[in-house]
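Taking it in order: structure first as structure tokens, then the write-up.
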Amino acid sequence: MARFWTVVNEVLRKSDIILLVLDARNIDETINEEIVNKVKQPLIYVLNKCDLVHKSVLELAKRRFKRAVFVSSKEYHGIRKLKEMIIIEGKRLKVEKPLVGVLGYPNVGKSSVINALNGRGSAKTSSSSGFTKGKQNISAKQFMLVDTPGVIPYREDESIMKGSVDFSKVKDPEDAFYDLLEKFPRLLHHYGVKDLEELAIKRQFLLKKGLPDTRSAARLVLKDWQGGKIKC
Ligand SMILES: Nc1nc2c(ncn2[C@@H]2O[C@H](COP(=O)(O)OP(=O)(O)OP(=O)(O)O)[C@@H](O)[C@H]2O)c(=O)[nH]1
Ligand SMILES: [Mg+2]
């Protein structure tokens with residue numbers, strides 16, 4: 001776990017500007033106060049995956065953050081605005097090509113935001129949480145971006161919502177599913193089913209005696225959640 005902080009501390013030391021990427025579906029769970037408290041340079045909140053939330057969520061969040069931008073790195077929404085904000089901060093700092101550190105929990109879309117910003121697929125992305133393992137510098141025209149592994153605070157339990165565990169490794173997928181369902185009651189609307197049993201049958205996840213394999217159904221939901229496929 002400490003290796004995350006080694007990277008973060010280095011990025012915090014060297015960057016001119018910090019982007020803190022949040023999952024717009026899940027702002028409270030993906031805002032890392034430990035990072036917020038450590039940032040001394042201009043901080044831009046990037047509320048990514050905004051294609052997956054209703055406009056009213058965005059309106060509420062707008063009032064909460066001073067310097068924030070809503071982005072969908074999938075649909076390129078808000079990317080131009082984010083670029084402009086970075087360039088303005090760079091000018092304010094009088095730095096010609098500012099170094100922009102991109103931080104946030106695993107799976108919030110840090111690498112995807114970087115790709116959208118520089119227009120190339122330079123940063124590898126994945127639906128698997130914890131995918132980026134090391135720091136990587138990526139050049140955009142007017143600034144330099146630093147991709148980082150997702151940061152999980154100390155004492156963080158396995159949490160799908162915080163991306164601190166990958167869907168393929170979660171020990172009890174059904175438990176994790178019900179945690180997610182509690183926060184997002186419309187989770188199964190995506191599949192047009194009412195419960196995990198129905199989903200298992202629909203997808204032909206069956207155990208030996210033809211019983212629905214709800215464990216696999218739960219894992220599918222977690223995978224789709226982390227892969228940015230489920231709206232809320
Ligand atoms: N719908 C939607 N999905 C997105 C968006 N941005 C990223 N994703 C998906 O979210 C998943 C994680 O994206 P990454 O860019 O790899 O996230 P990351 O923060 O770099 O993850 P780690 O490297 O594991 O910390 C991928 O399956 C992406 O396709 C977005 O704006 N909208
Ligand atoms: Mg990444």
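Residues in the structure tokens are named by chain (A, B, ... in the order shown) and by number from 1 within that chain; ligands are numbered from 1 in the order shown.
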Selection as a PyMOL selection string: residues within 9 Å of ligand 1 by only C-alpha atoms and all ligand atoms: chain A and resi 21-24+47-52+71-77+103-115+123-134+147-151+163+166+223-231
Exercise: region 192-203 of chain A partners within 8 Å, only C-alpha atoms, chain neighbours under 5 positions left out, as a PyMOL selection string: chain A and resi 212-214+216-218
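Per DSSP on the backbone, strand (DSSP E) in region 72-166 of chain A comprises Leu99, Val100, Gly101, Val102, Leu103, Gln136, Asn137, Ile138, Ser139, Met144, Leu145, Val146 and Asp147 of chain A.
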Those residues you just picked out, can you put them in a file as a compact mmCIF listing (two decimals), in the first residue's frame with C-alpha atoms?
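Saved as again-v9.txt:
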# COMPACT_ATOMS: atom_id res chain seq x y z
CA LEU A 99 3.61 19.35 -15.19
CA VAL A 100 0.12 18.08 -14.39
CA GLY A 101 -0.17 15.26 -11.84
CA VAL A 102 -3.27 13.10 -12.26
CA LEU A 103 -4.37 11.49 -9.00
CA GLN A 136 4.24 7.51 -16.47
CA ASN A 137 4.88 10.91 -18.05
CA ILE A 138 2.78 11.69 -21.10
CA SER A 139 3.16 14.74 -23.25
CA MET A 144 2.93 17.35 -19.47
CA LEU A 145 0.71 14.76 -17.77
CA VAL A 146 1.71 12.25 -15.13
CA ASP A 147 -0.39 9.08 -14.93
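Proximity to ligand 2 was assessed for A:Gly121, A:Ile160, A:Thr6, A:Leu187 counting only C-alpha atoms and all ligand atoms; the smallest distance is recorded for A:Gly121.
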A:Lys66, A:Lys208, A:Arg80, A:Lys135 ranked by distance to ligand 2, top pick (using only C-alpha atoms and all ligand atoms):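 That would be A:Lys135, the residue with the smallest distance to ligand 2.
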Minimum-distance residue to ligand 2, chosen among A:Glu174, A:Ser122, A:His189, A:Lys97 (using only C-alpha atoms and all ligand atoms): A:Ser122
Residues of region 1-215 of chain A in alpha helix (DSSP H), written as a VMD selection string: chain A and resid 2 to 14 27 to 30 33 to 38 55 to 64 79 to 93 110 to 118 173 to 183 196 to 202 214 to 215
Top pick for closest residue to Pro42 (chain A), considering A:Lys94, A:Arg67, A:Lys14, A:Lys62 and counting only C-alpha atoms: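 Using only C-alpha atoms, the shortest distance to Pro42 (chain A) belongs to A:Arg67.
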